[in-house]
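In what follows, a structure is listed as structure tokens, so that the remarks can point back to it.
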Amino acid sequence: MRIEIPEHKKLVHEMRFPVRWGDMDAMGHVNNTVYFRYLETARIDWMVAAGCNPDPAGQGPVIVNAFCNFYQQLQYPDEVLLKLYVSDPGRTTFETWGTMERIAAPGVVCAAGGATTIWVDFPRQKAMDLPGWMRALVTP
């Protein structure tokens with residue numbers, strides 16, 4: 001199944017990082033699980049920069065699903081540009097999307113993924129309405 005990234009979205013964060021030797025698997029390319037770590041790192045970096053520091057005694061974001069489409073292999077040594085986007089705020093959720101391209105090949109997307117994020121009251125383990133400040137951040 002291939003999920004496409006929507007046209008209507010808001011760029012919220014960019015990060016550059018090197019592909020590490022340990023990111024590769026026996027096939028000599030970045031292991032598929034590592035792409036999810038790249039996406040996670042971008043989401044966390046953006047949220048922390050936006051002042052969202054989840055508190056287990058309070059509320060914050062939880063990922064309820066994630067996907068990644070692989071178009072071209074990433075390998076060591078390389079440097080990657082990951083662009084993080086947001087869209088589709090709902091009552092309790094919003095979508096995050098990420099594209100990954102090699103710095104040496106600008107504009108050529110090697111992988112693209114996303115995740116649905118739900119806002120949760122951690123002690124109650126229940127979904128809650130997105131706070132106004134977060135809704136403002138994720139509205140394109």
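Here's how to read the names in the structure tokens: chain A, B, ... by the order shown, residue numbers from 1 in each chain, ligand numbers from 1 in the order shown.
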
Spatial neighbours of range 46-51 of chain A, 9 Å, only C-alpha atoms, chain gap at least 3 places, as an MDAnalysis selection string
chainID A and resid 12:14 41:43 54 84 134 137

Contacts of Thr116 in chain A at 10 Å or less, counting only C-alpha atoms, minus same-chain residues fewer than 6 places along, as a CSV table (one decimal) with all heavy atoms, in the first residue's frame?
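Printed below is around-v6.csv as written:
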chain,number,residue,atom,x,y,z
A,61,PRO,N,1.6,14.5,22.8
A,61,PRO,CA,1.3,13.7,21.6
A,61,PRO,C,1.7,12.2,21.7
A,61,PRO,O,2.6,11.9,22.4
A,61,PRO,CB,2.3,14.4,20.6
A,61,PRO,CG,3.4,14.8,21.4
A,61,PRO,CD,2.9,15.2,22.7
A,62,VAL,N,0.9,11.4,21.0
A,62,VAL,CA,1.2,10.0,20.8
A,62,VAL,C,1.0,9.6,19.4
A,62,VAL,O,0.0,10.1,18.8
A,62,VAL,CB,0.2,9.2,21.7
A,62,VAL,CG1,0.4,7.7,21.4
A,62,VAL,CG2,0.5,9.4,23.2
A,63,ILE,N,1.9,8.9,18.8
A,63,ILE,CA,1.7,8.4,17.4
A,63,ILE,C,0.8,7.2,17.4
A,63,ILE,O,1.0,6.2,18.1
A,63,ILE,CB,3.1,8.0,16.8
A,63,ILE,CG1,4.0,9.2,16.8
A,63,ILE,CG2,2.9,7.4,15.4
A,63,ILE,CD1,3.5,10.4,16.1
A,64,VAL,N,-0.2,7.2,16.5
A,64,VAL,CA,-1.2,6.1,16.5
A,64,VAL,C,-1.0,5.2,15.2
A,64,VAL,O,-1.5,4.1,15.2
A,64,VAL,CB,-2.6,6.5,16.6
A,64,VAL,CG1,-2.9,7.1,18.0
A,64,VAL,CG2,-3.1,7.5,15.6
A,65,ASN,N,-0.3,5.8,14.2
A,65,ASN,CA,0.1,5.0,13.1
A,65,ASN,C,1.2,5.6,12.4
A,65,ASN,O,1.4,6.8,12.6
A,65,ASN,CB,-1.1,4.7,12.1
A,65,ASN,CG,-1.5,5.9,11.4
A,65,ASN,OD1,-0.8,6.8,11.1
A,65,ASN,ND2,-2.8,5.9,11.0
A,66,ALA,N,2.0,4.9,11.6
A,66,ALA,CA,3.1,5.5,10.8
A,66,ALA,C,3.3,4.7,9.6
A,66,ALA,O,3.0,3.5,9.5
A,66,ALA,CB,4.4,5.5,11.7
A,67,PHE,N,3.8,5.3,8.5
A,67,PHE,CA,4.1,4.6,7.3
A,67,PHE,C,5.4,5.3,6.7
A,67,PHE,O,5.8,6.4,7.0
A,67,PHE,CB,2.9,4.7,6.3
A,67,PHE,CG,2.8,6.1,5.7
A,67,PHE,CD1,3.4,6.3,4.4
A,67,PHE,CD2,2.2,7.1,6.3
A,67,PHE,CE1,3.3,7.6,3.8
A,67,PHE,CE2,2.1,8.4,5.7
A,67,PHE,CZ,2.7,8.6,4.5
A,86,VAL,N,3.1,19.4,8.4
A,86,VAL,CA,1.9,19.0,9.2
A,86,VAL,C,0.6,19.4,8.4
A,86,VAL,O,0.7,20.2,7.5
A,86,VAL,CB,1.8,19.8,10.6
A,86,VAL,CG1,2.9,19.3,11.5
A,86,VAL,CG2,1.9,21.3,10.4
A,87,SER,N,-0.5,18.7,8.7
A,87,SER,CA,-1.7,19.0,8.0
A,87,SER,C,-2.9,18.4,8.8
A,87,SER,O,-2.7,17.7,9.7
A,87,SER,CB,-1.7,18.5,6.6
A,87,SER,OG,-1.8,17.0,6.6
A,88,ASP,N,-4.1,18.7,8.3
A,88,ASP,CA,-5.3,18.0,8.7
A,88,ASP,C,-5.6,18.0,10.2
A,88,ASP,O,-5.9,16.9,10.7
A,88,ASP,CB,-5.4,16.6,8.1
A,88,ASP,CG,-5.2,16.6,6.6
A,88,ASP,OD1,-6.0,17.3,5.9
A,88,ASP,OD2,-4.3,15.9,6.1
A,89,PRO,N,-5.6,19.1,10.9
A,89,PRO,CA,-5.9,19.0,12.3
A,89,PRO,C,-7.4,18.6,12.5
A,89,PRO,O,-8.3,19.2,11.7
A,89,PRO,CB,-5.7,20.5,12.8
A,89,PRO,CG,-5.8,21.3,11.6
A,89,PRO,CD,-5.3,20.5,10.4
A,93,THR,N,-6.5,15.1,16.7
A,93,THR,CA,-5.4,14.6,16.0
A,93,THR,C,-4.9,15.6,14.9
A,93,THR,O,-5.6,16.6,14.6
A,93,THR,CB,-5.8,13.3,15.2
A,93,THR,OG1,-6.8,13.7,14.2
A,93,THR,CG2,-6.3,12.2,16.1
A,94,PHE,N,-3.7,15.3,14.4
A,94,PHE,CA,-3.2,16.0,13.2
A,94,PHE,C,-2.2,15.0,12.6
A,94,PHE,O,-1.8,14.0,13.1
A,94,PHE,CB,-2.5,17.3,13.6
A,94,PHE,CG,-1.3,17.2,14.5
A,94,PHE,CD1,0.0,17.1,14.0
A,94,PHE,CD2,-1.5,17.2,15.9
A,94,PHE,CE1,1.1,17.0,14.8
A,94,PHE,CE2,-0.4,17.1,16.7
A,94,PHE,CZ,0.9,17.0,16.2
A,95,GLU,N,-1.9,15.3,11.3
A,95,GLU,CA,-1.0,14.5,10.5
A,95,GLU,C,0.4,15.1,10.4
A,95,GLU,O,0.5,16.3,10.3
A,95,GLU,CB,-1.5,14.3,9.1
A,95,GLU,CG,-2.9,13.7,9.0
A,95,GLU,CD,-3.0,12.3,9.6
A,95,GLU,OE1,-2.0,11.5,9.5
A,95,GLU,OE2,-4.0,11.9,10.2
A,96,THR,N,1.4,14.3,10.5
A,96,THR,CA,2.8,14.7,10.2
A,96,THR,C,3.3,14.0,9.0
A,96,THR,O,2.9,12.8,8.7
A,96,THR,CB,3.8,14.5,11.3
A,96,THR,OG1,3.8,13.1,11.6
A,96,THR,CG2,3.3,15.3,12.6
A,97,TRP,N,4.1,14.6,8.2
A,97,TRP,CA,4.6,14.1,6.9
A,97,TRP,C,6.1,14.4,6.8
A,97,TRP,O,6.5,15.5,7.2
A,97,TRP,CB,3.9,14.7,5.7
A,97,TRP,CG,2.4,14.7,5.8
A,97,TRP,CD1,1.6,15.7,6.3
A,97,TRP,CD2,1.5,13.6,5.5
A,97,TRP,NE1,0.3,15.4,6.3
A,97,TRP,CE2,0.2,14.1,5.8
A,97,TRP,CE3,1.7,12.3,5.0
A,97,TRP,CZ2,-0.9,13.3,5.5
A,97,TRP,CZ3,0.5,11.6,4.7
A,97,TRP,CH2,-0.7,12.0,5.0

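The residue that comes closest to Arg124 in chain A, out of A:Gly60, A:Gly98, A:Pro106, A:Gly90 and on the basis of only C-alpha atoms, is A:Gly60.
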
Close residues, Asp78 in chain A itself excluded, 8 Å, only C-alpha atoms, min 6 positions apart in chain, as a PyMOL selection string:
chain A and resi 18-19+102-103

Selection file, N, CA and C atoms, as an mmCIF file, in the first residue's frame:
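This went into part04.cif:
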data_model
loop_
_atom_site.group_PDB
_atom_site.id
_atom_site.type_symbol
_atom_site.label_atom_id
_atom_site.label_comp_id
_atom_site.auth_asym_id
_atom_site.auth_seq_id
_atom_site.Cartn_x
_atom_site.Cartn_y
_atom_site.Cartn_z
ATOM 1 N N PRO A 18 23.908 13.184 8.830
ATOM 2 C CA PRO A 18 24.670 12.204 8.059
ATOM 3 C C PRO A 18 24.073 10.804 8.207
ATOM 4 N N VAL A 19 24.175 10.017 7.166
ATOM 5 C CA VAL A 19 23.866 8.594 7.279
ATOM 6 C C VAL A 19 25.045 7.966 8.007
ATOM 7 N N ARG A 102 18.690 13.237 -0.555
ATOM 8 C CA ARG A 102 20.138 13.362 -0.381
ATOM 9 C C ARG A 102 20.531 14.809 -0.658
ATOM 10 N N ILE A 103 21.411 15.343 0.158
ATOM 11 C CA ILE A 103 21.900 16.707 -0.051
ATOM 12 C C ILE A 103 22.531 16.815 -1.443
#

Which neighbours of Gly58 in chain A fall inside 7 Å, counting only C-alpha atoms, when residues of the same chain fewer than 5 positions from it are skipped, and could you give them as a PDB file with N, CA and C atoms, in the first residue's frame?
ATOM      1  N   ASP A 121      -4.310  12.777  27.256  1.00  0.00           N
ATOM      2  CA  ASP A 121      -4.153  13.009  28.694  1.00  0.00           C
ATOM      3  C   ASP A 121      -3.478  11.731  29.202  1.00  0.00           C
ATOM      4  N   PHE A 122      -2.192  11.822  29.531  1.00  0.00           N
ATOM      5  CA  PHE A 122      -1.427  10.616  29.866  1.00  0.00           C
ATOM      6  C   PHE A 122      -1.937   9.888  31.107  1.00  0.00           C
ATOM      7  N   PRO A 123      -2.196  10.559  32.234  1.00  0.00           N
ATOM      8  CA  PRO A 123      -2.670   9.815  33.407  1.00  0.00           C
ATOM      9  C   PRO A 123      -3.985   9.080  33.154  1.00  0.00           C
TER      10      PRO A 123
END

Counting only C-alpha atoms, closest pick from A:Ile3, A:Leu81, A:Ala105, A:Ala111 relative to Val34 in chain A is A:Ala111

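Atom pair CA of Cys52 in chain A / CA of Lys10 in chain A has a distance of 17.8 Å (rounded to one decimal).
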
Please give the complete set of residues from chain A that DSSP, run on the backbone, assigns to helix (DSSP H, G or I), formatted as a PyMOL selection string.
chain A and resi 21-23+32-49+132-138

For a quick check of understanding, using only C-alpha atoms, which of A:Leu82, A:Asn69, A:Asn53, A:Arg135 has the smallest distance to Gly107 in chain A?
A:Leu82

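With only C-alpha atoms as the basis for measurement, A:Val120 is the residue among A:Val120, A:Gln72, A:Thr92, A:Trp21 that approaches Asp55 in chain A most closely.
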
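With only C-alpha atoms as the atoms that count, the minimum distance from Glu7 in chain A to the choices A:Ile118, A:Ile44, A:Tyr85, A:Ala136 is reached by A:Tyr85.
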